[in-house]
Amino acid sequence: MAQVEATTERIIAAQPDDVFDALADYSGTRGKILSEHFSEYEVREGGDGEGTLVHWKLQATSKRVRDCLLEVTEPTDGELVEKDRNSSMVTTWTVTPAGEGRSRVVVTSVWNGAGGIGGFFEKTFAPKGLGRIYDAVLGNLATELEK
């Protein structure tokens with residue numbers, strides 16, 4: 001089993017604290033900025049950053065749907081970590097300053113991929129697909145915050 005990693009980033013014209021607060025707002029902003037790849041979104045505990053438990057289904061391809069139940073932590077300033085209870089997937093959102101009134105948001109997901117030929121295809125194609133999904137989410141976040 002090889003580890004698979006997908007990373008996406010975007011510069012957003014908003015203060016880092018505002019960007020982080022929007023990402024950590026699972027009971028409000030987060031549900032609004034998800035792309036059409038996400039369904040059955042539900043906050044089960046908390047709703048604001050650390051201690052949140054959130055559920056969604058992620059449709060990565062027409063045939064591949066992940067049922068995600070994510071525990072949220074904030075290990076350091078500007079960092080949200082979502083650990084999926086249903087798989088090995090861990091997604092880290094990092095927000096840092098990127099100049100006056102701008103923020104860099106980096107989203108990285110890692111998980112244990114399948115073995116064999118299936119694992120080869122997963123490692124080859126899944127990062128691009130997940131990157132496109134999170135790029136859409138970051139685009140929606142930018143639209144929400146740059147109003």
# chains A, B, ... in the order shown; residues from 1 in each chain; ligands from 1
call {"tool": "residues_around", "arguments": {"residues": "Glu5 (chain A)", "least_positions_apart": "2", "cutoff": "12 Å", "atoms": "only C-alpha atoms", "output": "list in words"}}
result
Ala2, Gln3, Thr7, Thr8, Ser88, Met89, Val90, Thr91, Thr92, Val107, Thr108, Ser109, Val110, Trp111, Asn112, Gly113, Glu122, Lys123, Thr124, Phe125, Ala126, Pro127, Lys128, Gly129, Leu130 and Gly131 of chain A
call {"tool": "residues_around", "arguments": {"residues": "Gly28 (chain A)", "least_positions_apart": "6", "cutoff": "9 Å", "atoms": "only C-alpha atoms", "output": "list in words"}}
result
Ala22, Gly47 and Asp48 of chain A
call {"tool": "atom_distance", "arguments": {"atom1": "CA of Thr76 (chain A)", "atom2": "CA of Ala98 (chain A)"}}
result
18.0 Å
call {"tool": "residues_around", "arguments": {"residues": "Glu144 (chain A)", "least_positions_apart": "3", "cutoff": "9 Å", "atoms": "only C-alpha atoms", "output": "ChimeraX atom specification"}}
result
/A:29,32-33,139-141,147
call {"tool": "select_by_dssp", "arguments": {"residues": "region 6-127 of chain A", "states": "strand (DSSP E or B)", "output": "PyMOL selection string"}}
result
chain A and resi 6-12+25+38-45+48+53-59+65-73+79-84+90-97+103-112
call {"tool": "atom_distance", "arguments": {"atom1": "CA of Leu69 (chain A)", "atom2": "CA of Glu40 (chain A)"}}
result
11.0 Å
call {"tool": "select_by_dssp", "arguments": {"residues": "region 2-76 of chain A", "states": "helix (DSSP H, G or I)", "output": "list in words"}}
result
Pro16, Asp17, Asp18, Val19, Phe20, Asp21, Ala22, Leu23, Ala24, Thr29, Arg30, Gly31, Lys32 and Ile33 of chain A
